[in-house]
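A.B. asks: Here you go, query-v4.pdb (PDB, C-alpha atoms, pLDDT in the B column):
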ATOM      1  CA  MET C   1     259.861 104.190 180.973  1.00 93.00           C
ATOM      2  CA  LYS C   2     260.422 102.877 177.463  1.00 97.00           C
ATOM      3  CA  ILE C   3     257.450 102.870 175.104  1.00 98.00           C
ATOM      4  CA  GLU C   4     257.471 101.323 171.647  1.00 98.00           C
ATOM      5  CA  ILE C   5     254.765 101.677 169.015  1.00 98.00           C
ATOM      6  CA  PHE C   6     254.801  98.825 166.524  1.00 97.00           C
ATOM      7  CA  GLY C   7     253.461  99.415 163.036  1.00 96.00           C
ATOM      8  CA  THR C   8     254.625  99.588 159.482  1.00 91.00           C
ATOM      9  CA  GLY C   9     253.559 103.197 159.029  1.00 89.00           C
ATOM     10  CA  CYS C  10     249.835 103.058 158.379  1.00 88.00           C
ATOM     11  CA  PRO C  11     247.493 105.846 159.563  1.00 92.00           C
ATOM     12  CA  LYS C  12     246.311 103.890 162.583  1.00 92.00           C
ATOM     13  CA  CYS C  13     249.860 103.188 163.692  1.00 94.00           C
ATOM     14  CA  LYS C  14     250.553 106.922 163.453  1.00 95.00           C
ATOM     15  CA  LYS C  15     247.386 107.667 165.390  1.00 96.00           C
ATOM     16  CA  LEU C  16     248.460 105.344 168.185  1.00 97.00           C
ATOM     17  CA  PHE C  17     251.814 107.127 168.310  1.00 97.00           C
ATOM     18  CA  GLU C  18     250.081 110.518 168.515  1.00 97.00           C
ATOM     19  CA  ASN C  19     247.731 109.321 171.244  1.00 98.00           C
ATOM     20  CA  THR C  20     250.686 108.021 173.207  1.00 98.00           C
ATOM     21  CA  GLN C  21     252.442 111.378 172.908  1.00 97.00           C
ATOM     22  CA  LYS C  22     249.305 113.095 174.192  1.00 97.00           C
ATOM     23  CA  ALA C  23     249.012 110.663 177.084  1.00 97.00           C
ATOM     24  CA  LEU C  24     252.599 111.337 178.110  1.00 97.00           C
ATOM     25  CA  ILE C  25     252.005 115.085 178.005  1.00 96.00           C
ATOM     26  CA  GLU C  26     248.784 114.838 180.010  1.00 96.00           C
ATOM     27  CA  LEU C  27     250.446 112.662 182.624  1.00 95.00           C
ATOM     28  CA  ASN C  28     253.541 114.869 182.569  1.00 95.00           C
ATOM     29  CA  LEU C  29     255.678 111.774 182.178  1.00 93.00           C
ATOM     30  CA  ALA C  30     259.107 111.547 180.658  1.00 91.00           C
ATOM     31  CA  ALA C  31     259.540 108.421 178.570  1.00 95.00           C
ATOM     32  CA  GLU C  32     261.549 107.134 175.690  1.00 97.00           C
ATOM     33  CA  LEU C  33     258.952 106.848 172.930  1.00 97.00           C
ATOM     34  CA  THR C  34     259.953 105.145 169.698  1.00 97.00           C
ATOM     35  CA  LYS C  35     258.298 103.888 166.540  1.00 97.00           C
ATOM     36  CA  VAL C  36     259.224 100.384 165.426  1.00 97.00           C
ATOM     37  CA  GLU C  37     258.501 100.088 161.721  1.00 96.00           C
ATOM     38  CA  ASP C  38     260.898  97.291 160.792  1.00 95.00           C
ATOM     39  CA  ILE C  39     258.775  94.218 160.130  1.00 94.00           C
ATOM     40  CA  ASN C  40     261.471  91.913 161.445  1.00 95.00           C
ATOM     41  CA  LYS C  41     261.707  93.780 164.733  1.00 96.00           C
ATOM     42  CA  ILE C  42     257.913  93.821 165.011  1.00 96.00           C
ATOM     43  CA  MET C  43     257.770  90.079 164.595  1.00 95.00           C
ATOM     44  CA  GLU C  44     260.669  89.537 166.976  1.00 95.00           C
ATOM     45  CA  ALA C  45     258.455  91.066 169.633  1.00 96.00           C
ATOM     46  CA  GLY C  46     255.786  88.499 168.832  1.00 96.00           C
ATOM     47  CA  VAL C  47     253.494  91.175 167.443  1.00 97.00           C
ATOM     48  CA  MET C  48     251.440  89.700 164.628  1.00 96.00           C
ATOM     49  CA  ILE C  49     248.714  92.321 164.464  1.00 95.00           C
ATOM     50  CA  THR C  50     249.457  96.010 164.366  1.00 95.00           C
ATOM     51  CA  PRO C  51     249.313  98.659 165.635  1.00 96.00           C
ATOM     52  CA  ALA C  52     250.690  97.583 168.980  1.00 98.00           C
ATOM     53  CA  ILE C  53     252.110  99.277 172.037  1.00 98.00           C
ATOM     54  CA  SER C  54     254.757  97.993 174.374  1.00 98.00           C
ATOM     55  CA  ILE C  55     255.783  99.457 177.719  1.00 97.00           C
ATOM     56  CA  ASP C  56     259.137  98.456 179.154  1.00 96.00           C
ATOM     57  CA  GLY C  57     259.298  95.433 176.872  1.00 96.00           C
ATOM     58  CA  GLU C  58     255.817  94.107 177.502  1.00 97.00           C
ATOM     59  CA  VAL C  59     253.276  94.352 174.697  1.00 98.00           C
ATOM     60  CA  LYS C  60     250.147  95.766 176.275  1.00 97.00           C
ATOM     61  CA  ALA C  61     247.797  95.837 173.286  1.00 97.00           C
ATOM     62  CA  ALA C  62     247.747  94.953 169.599  1.00 97.00           C
ATOM     63  CA  GLY C  63     245.321  95.432 166.740  1.00 94.00           C
ATOM     64  CA  LYS C  64     243.736  98.478 168.311  1.00 91.00           C
ATOM     65  CA  VAL C  65     244.210 102.213 168.323  1.00 95.00           C
ATOM     66  CA  LEU C  66     244.007 102.857 172.020  1.00 97.00           C
ATOM     67  CA  SER C  67     242.535 106.184 173.059  1.00 97.00           C
ATOM     68  CA  VAL C  68     244.550 108.662 175.106  1.00 98.00           C
ATOM     69  CA  GLU C  69     242.609 107.630 178.199  1.00 97.00           C
ATOM     70  CA  GLU C  70     243.245 103.940 177.583  1.00 97.00           C
ATOM     71  CA  ILE C  71     246.957 104.596 177.167  1.00 97.00           C
ATOM     72  CA  LYS C  72     247.052 106.618 180.365  1.00 96.00           C
ATOM     73  CA  LYS C  73     245.353 103.739 182.129  1.00 95.00           C
ATOM     74  CA  ILE C  74     247.889 101.138 180.986  1.00 95.00           C
ATOM     75  CA  MET C  75     250.751 103.476 181.849  1.00 91.00           C
ATOM     76  CA  ASN C  76     249.438 103.703 185.381  1.00 86.00           C
ATOM     77  CA  SER C  77     248.754  99.989 185.744  1.00 80.00           C
TER      78      SER C  77
ATOM     79  CA  MET U   1     251.607  88.559 159.565  1.00 50.00           C
ATOM     80  CA  ALA U   2     252.555  91.704 161.320  1.00 48.00           C
ATOM     81  CA  ASN U   3     252.429  93.825 158.193  1.00 46.00           C
ATOM     82  CA  ASP U   4     248.797  92.972 157.623  1.00 50.00           C
ATOM     83  CA  CYS U   5     247.751  95.989 159.611  1.00 52.00           C
ATOM     84  CA  CYS U   6     245.478  97.204 156.903  1.00 53.00           C
ATOM     85  CA  THR U   7     243.452  94.110 156.216  1.00 50.00           C
ATOM     86  CA  GLU U   8     239.761  94.619 156.793  1.00 61.00           C
ATOM     87  CA  LYS U   9     239.462  92.029 159.534  1.00 82.00           C
ATOM     88  CA  ASN U  10     242.009  90.159 161.585  1.00 92.00           C
ATOM     89  CA  ILE U  11     241.015  86.515 161.711  1.00 96.00           C
ATOM     90  CA  VAL U  12     243.664  84.423 163.417  1.00 97.00           C
ATOM     91  CA  VAL U  13     244.106  80.704 163.857  1.00 98.00           C
ATOM     92  CA  PHE U  14     245.951  78.795 166.558  1.00 98.00           C
ATOM     93  CA  THR U  15     246.522  75.041 166.452  1.00 98.00           C
ATOM     94  CA  CYS U  16     247.973  72.554 168.896  1.00 97.00           C
ATOM     95  CA  SER U  17     250.418  71.390 166.192  1.00 95.00           C
ATOM     96  CA  GLY U  18     250.616  68.247 168.287  1.00 96.00           C
ATOM     97  CA  ALA U  19     252.843  65.254 167.753  1.00 97.00           C
ATOM     98  CA  ALA U  20     250.081  62.876 166.687  1.00 98.00           C
ATOM     99  CA  ASN U  21     248.653  62.651 163.187  1.00 98.00           C
ATOM    100  CA  VAL U  22     245.647  64.846 164.042  1.00 98.00           C
ATOM    101  CA  GLY U  23     247.832  67.590 165.518  1.00 98.00           C
ATOM    102  CA  GLN U  24     249.997  67.604 162.416  1.00 98.00           C
ATOM    103  CA  ALA U  25     246.924  67.730 160.170  1.00 98.00           C
ATOM    104  CA  ALA U  26     245.618  70.662 162.214  1.00 98.00           C
ATOM    105  CA  ASN U  27     248.950  72.446 161.802  1.00 98.00           C
ATOM    106  CA  GLN U  28     248.989  71.849 158.046  1.00 98.00           C
ATOM    107  CA  ALA U  29     245.424  73.105 157.725  1.00 98.00           C
ATOM    108  CA  ALA U  30     246.349  76.308 159.567  1.00 98.00           C
ATOM    109  CA  VAL U  31     249.367  76.811 157.318  1.00 98.00           C
ATOM    110  CA  GLU U  32     247.160  76.450 154.250  1.00 98.00           C
ATOM    111  CA  LEU U  33     244.431  78.704 155.663  1.00 98.00           C
ATOM    112  CA  GLN U  34     247.088  81.368 156.035  1.00 97.00           C
ATOM    113  CA  LEU U  35     248.505  80.831 152.560  1.00 97.00           C
ATOM    114  CA  GLU U  36     245.010  81.026 151.098  1.00 97.00           C
ATOM    115  CA  GLY U  37     244.334  84.270 152.965  1.00 96.00           C
ATOM    116  CA  THR U  38     241.536  82.894 155.142  1.00 96.00           C
ATOM    117  CA  ALA U  39     243.230  83.460 158.488  1.00 97.00           C
ATOM    118  CA  LYS U  40     246.577  84.388 159.956  1.00 96.00           C
ATOM    119  CA  MET U  41     248.362  81.622 161.770  1.00 97.00           C
ATOM    120  CA  LEU U  42     249.668  82.608 165.182  1.00 97.00           C
ATOM    121  CA  CYS U  43     251.962  80.563 167.399  1.00 97.00           C
ATOM    122  CA  LEU U  44     250.383  78.657 170.251  1.00 98.00           C
ATOM    123  CA  ALA U  45     253.883  78.210 171.640  1.00 97.00           C
ATOM    124  CA  GLY U  46     254.022  81.993 171.981  1.00 97.00           C
ATOM    125  CA  ILE U  47     250.931  81.822 174.137  1.00 97.00           C
ATOM    126  CA  GLY U  48     252.346  79.001 176.229  1.00 96.00           C
ATOM    127  CA  SER U  49     255.607  80.858 176.731  1.00 97.00           C
ATOM    128  CA  HIS U  50     253.679  83.973 177.818  1.00 97.00           C
ATOM    129  CA  ASN U  51     255.025  86.075 174.954  1.00 97.00           C
ATOM    130  CA  SER U  52     253.251  89.370 175.501  1.00 98.00           C
ATOM    131  CA  GLY U  53     253.240  90.247 171.789  1.00 97.00           C
ATOM    132  CA  MET U  54     251.599  86.994 170.812  1.00 97.00           C
ATOM    133  CA  ILE U  55     249.047  87.192 173.608  1.00 98.00           C
ATOM    134  CA  ALA U  56     248.186  90.791 172.732  1.00 98.00           C
ATOM    135  CA  SER U  57     247.881  89.815 169.069  1.00 97.00           C
ATOM    136  CA  GLY U  58     245.428  87.067 169.975  1.00 97.00           C
ATOM    137  CA  LYS U  59     243.424  89.381 172.174  1.00 97.00           C
ATOM    138  CA  GLY U  60     243.442  92.082 169.526  1.00 95.00           C
ATOM    139  CA  ALA U  61     242.145  89.876 166.729  1.00 96.00           C
ATOM    140  CA  ASP U  62     238.583  90.252 165.505  1.00 94.00           C
ATOM    141  CA  ARG U  63     238.089  86.532 165.513  1.00 96.00           C
ATOM    142  CA  VAL U  64     240.085  83.664 166.944  1.00 97.00           C
ATOM    143  CA  VAL U  65     239.879  80.147 165.552  1.00 98.00           C
ATOM    144  CA  GLY U  66     241.325  77.340 167.667  1.00 98.00           C
ATOM    145  CA  ILE U  67     242.028  73.919 166.179  1.00 98.00           C
ATOM    146  CA  ASP U  68     242.798  70.970 168.402  1.00 98.00           C
ATOM    147  CA  GLY U  69     243.794  67.570 167.159  1.00 98.00           C
ATOM    148  CA  CYS U  70     242.130  65.677 169.985  1.00 98.00           C
ATOM    149  CA  PRO U  71     239.868  66.213 173.005  1.00 98.00           C
ATOM    150  CA  VAL U  72     242.818  67.001 175.257  1.00 98.00           C
ATOM    151  CA  ALA U  73     242.190  70.446 173.769  1.00 98.00           C
ATOM    152  CA  CYS U  74     245.571  72.048 174.450  1.00 98.00           C
ATOM    153  CA  THR U  75     244.831  74.946 172.097  1.00 98.00           C
ATOM    154  CA  LYS U  76     241.596  75.834 173.816  1.00 98.00           C
ATOM    155  CA  LYS U  77     243.051  75.468 177.294  1.00 98.00           C
ATOM    156  CA  ALA U  78     246.207  77.440 176.508  1.00 98.00           C
ATOM    157  CA  LEU U  79     244.206  80.294 175.007  1.00 98.00           C
ATOM    158  CA  GLU U  80     241.795  80.319 177.919  1.00 97.00           C
ATOM    159  CA  HIS U  81     244.716  80.338 180.346  1.00 97.00           C
ATOM    160  CA  ALA U  82     246.031  83.478 178.637  1.00 97.00           C
ATOM    161  CA  ASP U  83     242.558  85.062 178.498  1.00 97.00           C
ATOM    162  CA  VAL U  84     242.559  85.005 174.709  1.00 97.00           C
ATOM    163  CA  PRO U  85     238.927  84.524 173.673  1.00 97.00           C
ATOM    164  CA  ILE U  86     238.143  81.735 171.192  1.00 97.00           C
ATOM    165  CA  ASN U  87     235.318  82.396 168.778  1.00 96.00           C
ATOM    166  CA  ASP U  88     235.483  79.143 166.849  1.00 97.00           C
ATOM    167  CA  HIS U  89     236.846  75.858 168.104  1.00 97.00           C
ATOM    168  CA  LEU U  90     237.087  72.503 166.429  1.00 97.00           C
ATOM    169  CA  ILE U  91     238.583  69.150 167.290  1.00 98.00           C
ATOM    170  CA  VAL U  92     239.928  67.012 164.472  1.00 98.00           C
ATOM    171  CA  THR U  93     238.935  63.674 166.021  1.00 98.00           C
ATOM    172  CA  GLU U  94     235.358  64.916 166.178  1.00 98.00           C
ATOM    173  CA  LEU U  95     235.473  65.286 162.406  1.00 98.00           C
ATOM    174  CA  GLY U  96     235.834  61.524 162.147  1.00 98.00           C
ATOM    175  CA  PHE U  97     239.591  61.033 162.225  1.00 98.00           C
ATOM    176  CA  LYS U  98     241.304  58.681 164.625  1.00 97.00           C
ATOM    177  CA  LYS U  99     244.314  59.793 166.616  1.00 98.00           C
ATOM    178  CA  HIS U 100     247.461  57.742 166.163  1.00 97.00           C
ATOM    179  CA  PRO U 101     251.226  58.329 166.134  1.00 97.00           C
ATOM    180  CA  TYR U 102     252.301  60.520 163.229  1.00 97.00           C
ATOM    181  CA  ASP U 103     254.056  58.491 160.550  1.00 96.00           C
ATOM    182  CA  GLY U 104     255.321  61.396 158.478  1.00 96.00           C
ATOM    183  CA  ASN U 105     252.406  61.422 156.087  1.00 96.00           C
ATOM    184  CA  ILE U 106     249.939  64.287 156.363  1.00 97.00           C
ATOM    185  CA  ASP U 107     246.362  63.093 156.055  1.00 97.00           C
ATOM    186  CA  ARG U 108     245.125  65.219 153.167  1.00 98.00           C
ATOM    187  CA  GLU U 109     241.528  64.229 153.738  1.00 98.00           C
ATOM    188  CA  ALA U 110     241.741  65.508 157.314  1.00 98.00           C
ATOM    189  CA  VAL U 111     243.437  68.731 156.218  1.00 98.00           C
ATOM    190  CA  GLU U 112     240.741  69.439 153.643  1.00 98.00           C
ATOM    191  CA  LYS U 113     237.969  68.650 156.092  1.00 98.00           C
ATOM    192  CA  ILE U 114     239.461  70.930 158.745  1.00 98.00           C
ATOM    193  CA  LYS U 115     239.773  73.778 156.242  1.00 98.00           C
ATOM    194  CA  THR U 116     236.237  73.256 155.023  1.00 98.00           C
ATOM    195  CA  GLU U 117     234.909  73.263 158.565  1.00 98.00           C
ATOM    196  CA  VAL U 118     236.795  76.429 159.487  1.00 98.00           C
ATOM    197  CA  LYS U 119     235.520  78.187 156.369  1.00 97.00           C
ATOM    198  CA  ARG U 120     231.994  76.996 157.087  1.00 97.00           C
ATOM    199  CA  LYS U 121     232.145  78.418 160.590  1.00 96.00           C
ATOM    200  CA  LEU U 122     233.535  81.704 159.327  1.00 95.00           C
ATOM    201  CA  SER U 123     230.875  82.017 156.640  1.00 93.00           C
ATOM    202  CA  THR U 124     227.876  80.985 158.704  1.00 86.00           C
ATOM    203  CA  GLN U 125     228.708  83.210 161.635  1.00 72.00           C
ATOM    204  CA  PRO U 126     230.081  86.336 159.977  1.00 69.00           C
ATOM    205  CA  LEU U 127     231.739  89.091 161.917  1.00 66.00           C
ATOM    206  CA  ALA U 128     229.866  92.222 162.769  1.00 55.00           C
ATOM    207  CA  PRO U 129     230.971  95.283 160.778  1.00 47.00           C
ATOM    208  CA  SER U 130     233.589  97.544 162.320  1.00 42.00           C
ATOM    209  CA  SER U 131     232.224 100.205 164.605  1.00 38.00           C
ATOM    210  CA  GLY U 132     234.539 102.883 163.243  1.00 36.00           C
ATOM    211  CA  LYS U 133     235.282 104.156 166.737  1.00 34.00           C
ATOM    212  CA  GLU U 134     238.737 105.499 167.358  1.00 34.00           C
ATOM    213  CA  SER U 135     239.347 102.982 170.082  1.00 31.00           C
ATOM    214  CA  GLY U 136     238.451  99.332 170.083  1.00 30.00           C
ATOM    215  CA  TYR U 137     238.699  98.487 166.438  1.00 29.00           C
ATOM    216  CA  THR U 138     241.423  96.577 164.687  1.00 37.00           C
ATOM    217  CA  CYS U 139     243.628  98.209 162.161  1.00 47.00           C
ATOM    218  CA  SER U 140     241.790  98.475 158.872  1.00 36.00           C
ATOM    219  CA  CYS U 141     243.045 101.765 157.633  1.00 47.00           C
ATOM    220  CA  CYS U 142     243.846 101.206 153.991  1.00 40.00           C
TER     221      CYS U 142
END
In structure tokens, what does this structure look like?
C.D. replies:
Amino acid sequence: MKIEIFGTGCPKCKKLFENTQKALIELNLAAELTKVEDINKIMEAGVMITPAISIDGEVKAAGKVLSVEEIKKIMNS
Amino acid sequence: MANDCCTEKNIVVFTCSGAANVGQAANQAAVELQLEGTAKMLCLAGIGSHNSGMIASGKGADRVVGIDGCPVACTKKALEHADVPINDHLIVTELGFKKHPYDGNIDREAVEKIKTEVKRKLSTQPLAPSSGKESGYTCSCC
């Protein structure tokens, strides 16, 4: 599983990254988790509102700091 | 744009950007609304092409404005098809402008009227304040 967190480095982007780390730990999942802070790469993904989270190339949510539970839910969907 | 994470509210605008005069006026109005800082313009083509980033950005916005040139309402239908909620919708022909083939000249009167109408809608139906919850709010950290 490849997970990308899109954001230019603001506190909420960092919070989404942290929540995603926690979700992975709680689910005991191994995944490639990366931050994407380059504005050009963010826009290439079509993300116009940050923070955003993408799983295996599909952007699942943008403009929101998902909770750990919400992230776990989208990982399992 | 994507680096506007820290704006207080994310108001976005989609237009049909259609080939007729009214679609082109709608597109120009959206461009100017973005340049003026009223709303961020997002790509309707990204919705139509099922770009997950664009769809998620529309869904994650606090408020979505849709501008259609004519009653065919491609903007509204495309957003509905992608389950992106529209808060404010307007149709340029309903503002008193007739649809005809675009001749290369943007109708400034139409552009100004569209912008005025969008701003009126945004001011008369203001957004509720952010809840401040960890989940469910848009990025407004700075």
A.B. asks: Please provide the set of residues having any atom within 9 Å of Gly23 of chain U, restricted to all atoms listed in the file, with same-chain residues fewer than 5 positions apart removed, written as a ChimeraX atom specification.
C.D. replies: /U:15-18,28,67-70,92,99,102
A.B. asks: Residues of chain C no more than 12 Å from chain U, counting only C-alpha atoms: send them over as an mmCIF file with C-alpha atoms, in the coordinates of the input.
C.D. replies:
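New file result39.cif:
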data_model
loop_
_atom_site.group_PDB
_atom_site.id
_atom_site.type_symbol
_atom_site.label_atom_id
_atom_site.label_comp_id
_atom_site.auth_asym_id
_atom_site.auth_seq_id
_atom_site.Cartn_x
_atom_site.Cartn_y
_atom_site.Cartn_z
ATOM 1 C CA GLU C 4 257.471 101.323 171.647
ATOM 2 C CA ILE C 5 254.765 101.677 169.015
ATOM 3 C CA PHE C 6 254.801 98.825 166.524
ATOM 4 C CA GLY C 7 253.461 99.415 163.036
ATOM 5 C CA THR C 8 254.625 99.588 159.482
ATOM 6 C CA GLY C 9 253.559 103.197 159.029
ATOM 7 C CA CYS C 10 249.835 103.058 158.379
ATOM 8 C CA PRO C 11 247.493 105.846 159.563
ATOM 9 C CA LYS C 12 246.311 103.890 162.583
ATOM 10 C CA CYS C 13 249.860 103.188 163.692
ATOM 11 C CA LYS C 14 250.553 106.922 163.453
ATOM 12 C CA LYS C 15 247.386 107.667 165.390
ATOM 13 C CA LEU C 16 248.460 105.344 168.185
ATOM 14 C CA ASN C 19 247.731 109.321 171.244
ATOM 15 C CA VAL C 36 259.224 100.384 165.426
ATOM 16 C CA GLU C 37 258.501 100.088 161.721
ATOM 17 C CA ASP C 38 260.898 97.291 160.792
ATOM 18 C CA ILE C 39 258.775 94.218 160.130
ATOM 19 C CA ASN C 40 261.471 91.913 161.445
ATOM 20 C CA LYS C 41 261.707 93.780 164.733
ATOM 21 C CA ILE C 42 257.913 93.821 165.011
ATOM 22 C CA MET C 43 257.770 90.079 164.595
ATOM 23 C CA GLU C 44 260.669 89.537 166.976
ATOM 24 C CA ALA C 45 258.455 91.066 169.633
ATOM 25 C CA GLY C 46 255.786 88.499 168.832
ATOM 26 C CA VAL C 47 253.494 91.175 167.443
ATOM 27 C CA MET C 48 251.440 89.700 164.628
ATOM 28 C CA ILE C 49 248.714 92.321 164.464
ATOM 29 C CA THR C 50 249.457 96.010 164.366
ATOM 30 C CA PRO C 51 249.313 98.659 165.635
ATOM 31 C CA ALA C 52 250.690 97.583 168.980
ATOM 32 C CA ILE C 53 252.110 99.277 172.037
ATOM 33 C CA SER C 54 254.757 97.993 174.374
ATOM 34 C CA ILE C 55 255.783 99.457 177.719
ATOM 35 C CA ASP C 56 259.137 98.456 179.154
ATOM 36 C CA GLY C 57 259.298 95.433 176.872
ATOM 37 C CA GLU C 58 255.817 94.107 177.502
ATOM 38 C CA VAL C 59 253.276 94.352 174.697
ATOM 39 C CA LYS C 60 250.147 95.766 176.275
ATOM 40 C CA ALA C 61 247.797 95.837 173.286
ATOM 41 C CA ALA C 62 247.747 94.953 169.599
ATOM 42 C CA GLY C 63 245.321 95.432 166.740
ATOM 43 C CA LYS C 64 243.736 98.478 168.311
ATOM 44 C CA VAL C 65 244.210 102.213 168.323
ATOM 45 C CA LEU C 66 244.007 102.857 172.020
ATOM 46 C CA SER C 67 242.535 106.184 173.059
ATOM 47 C CA VAL C 68 244.550 108.662 175.106
ATOM 48 C CA GLU C 69 242.609 107.630 178.199
ATOM 49 C CA GLU C 70 243.245 103.940 177.583
ATOM 50 C CA ILE C 71 246.957 104.596 177.167
#
A.B. asks: Which residues come within 12 Å of Glu117 of chain U, counting only C-alpha atoms, excluding same-chain residues fewer than 3 positions away, as a list in words?
C.D. replies: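 Surrounding residues, per the criterion: Ala26, Ala29, Ala30, Leu33, Val65, Gly66, Ile67, Asp88, His89, Leu90, Ile91, Val92, Glu94, Leu95, Ala110, Val111, Glu112, Lys113, Ile114, Arg120, Lys121, Leu122, Ser123 and Thr124 of chain U.
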A.B. asks: Please, what is the axis-aligned box for every listed atom of segment 20-23 of chain C with 6 Å on each side, as centre and edge lengths in Å to one decimal, as lines of an AutoDock Vina configuration file?
C.D. replies:
center_x = 250.7
center_y = 110.6
center_z = 175.0
size_x = 15.4
size_y = 17.1
size_z = 16.2
A.B. asks: Between atom CA of Pro85 of chain U and atom CA of Val118 of chain U, what distance in Å does the model show, to one decimal?
C.D. replies: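 The value is 16.5 Å.
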A.B. asks: Evaluating the PyMOL selection byres ((chain C and resi 30) around 12) on the displayed file yields which residues, as a CSV table (one decimal) with C-alpha atoms, keeping the file's coordinate frame?
C.D. replies:
chain,number,residue,atom,x,y,z
C,1,MET,CA,259.9,104.2,181.0
C,2,LYS,CA,260.4,102.9,177.5
C,3,ILE,CA,257.4,102.9,175.1
C,20,THR,CA,250.7,108.0,173.2
C,21,GLN,CA,252.4,111.4,172.9
C,22,LYS,CA,249.3,113.1,174.2
C,23,ALA,CA,249.0,110.7,177.1
C,24,LEU,CA,252.6,111.3,178.1
C,25,ILE,CA,252.0,115.1,178.0
C,26,GLU,CA,248.8,114.8,180.0
C,27,LEU,CA,250.4,112.7,182.6
C,28,ASN,CA,253.5,114.9,182.6
C,29,LEU,CA,255.7,111.8,182.2
C,31,ALA,CA,259.5,108.4,178.6
C,32,GLU,CA,261.5,107.1,175.7
C,33,LEU,CA,259.0,106.8,172.9
C,75,MET,CA,250.8,103.5,181.8
A.B. asks: Quick one: distance from atom CA of Asp107 of chain U to atom CA of Val64 of chain U in Å, one decimal?
C.D. replies: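 Computed distance, atom CA of Asp107 of chain U to atom CA of Val64 of chain U, equals 24.1 Å.
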A.B. asks: What gap, in Å, lies between atom CA of Val31 of chain U and atom CA of Thr75 of chain U?
C.D. replies: 15.6 Å
A.B. asks: Mind telling me what the PyMOL selection byres ((chain U and resi 106) around 7) catches here, as a list in words?
C.D. replies: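 Expected selection for the PyMOL selection byres ((chain U and resi 106) around 7) here is Gln24, Ala25, Gly104, Asn105, Asp107 and Arg108 of chain U.
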A.B. asks: Any chance you could model N, CA and C atoms for segment 5-17 of chain C and send them as an mmCIF file, in the coordinates of the input?
C.D. replies:
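Now in rebuild.cif:
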data_model
loop_
_atom_site.group_PDB
_atom_site.id
_atom_site.type_symbol
_atom_site.label_atom_id
_atom_site.label_comp_id
_atom_site.auth_asym_id
_atom_site.auth_seq_id
_atom_site.Cartn_x
_atom_site.Cartn_y
_atom_site.Cartn_z
ATOM 1 N N ILE C 5 255.981 101.810 169.817
ATOM 2 C CA ILE C 5 254.765 101.677 169.015
ATOM 3 C C ILE C 5 255.137 100.858 167.785
ATOM 4 N N PHE C 6 254.500 99.726 167.640
ATOM 5 C CA PHE C 6 254.801 98.825 166.524
ATOM 6 C C PHE C 6 253.795 99.044 165.390
ATOM 7 N N GLY C 7 254.326 99.242 164.202
ATOM 8 C CA GLY C 7 253.461 99.415 163.036
ATOM 9 C C GLY C 7 254.300 99.760 161.835
ATOM 10 N N THR C 8 253.816 99.388 160.681
ATOM 11 C CA THR C 8 254.625 99.588 159.482
ATOM 12 C C THR C 8 254.398 100.948 158.834
ATOM 13 N N GLY C 9 253.694 101.827 159.523
ATOM 14 C CA GLY C 9 253.559 103.197 159.029
ATOM 15 C C GLY C 9 252.179 103.566 158.533
ATOM 16 N N CYS C 10 251.197 102.765 158.838
ATOM 17 C CA CYS C 10 249.835 103.058 158.379
ATOM 18 C C CYS C 10 249.219 104.162 159.242
ATOM 19 N N PRO C 11 248.118 104.751 158.793
ATOM 20 C CA PRO C 11 247.493 105.846 159.563
ATOM 21 C C PRO C 11 247.144 105.465 160.992
ATOM 22 N N LYS C 12 246.693 104.252 161.222
ATOM 23 C CA LYS C 12 246.311 103.890 162.583
ATOM 24 C C LYS C 12 247.528 103.729 163.495
ATOM 25 N N CYS C 13 248.629 103.277 162.910
ATOM 26 C CA CYS C 13 249.860 103.188 163.692
ATOM 27 C C CYS C 13 250.305 104.599 164.096
ATOM 28 N N LYS C 14 250.174 105.530 163.170
ATOM 29 C CA LYS C 14 250.553 106.922 163.453
ATOM 30 C C LYS C 14 249.633 107.515 164.506
ATOM 31 N N LYS C 15 248.354 107.155 164.426
ATOM 32 C CA LYS C 15 247.386 107.667 165.390
ATOM 33 C C LYS C 15 247.712 107.157 166.803
ATOM 34 N N LEU C 16 248.102 105.898 166.877
ATOM 35 C CA LEU C 16 248.460 105.344 168.185
ATOM 36 C C LEU C 16 249.682 106.066 168.750
ATOM 37 N N PHE C 17 250.616 106.388 167.882
ATOM 38 C CA PHE C 17 251.814 107.127 168.310
ATOM 39 C C PHE C 17 251.407 108.502 168.844
#
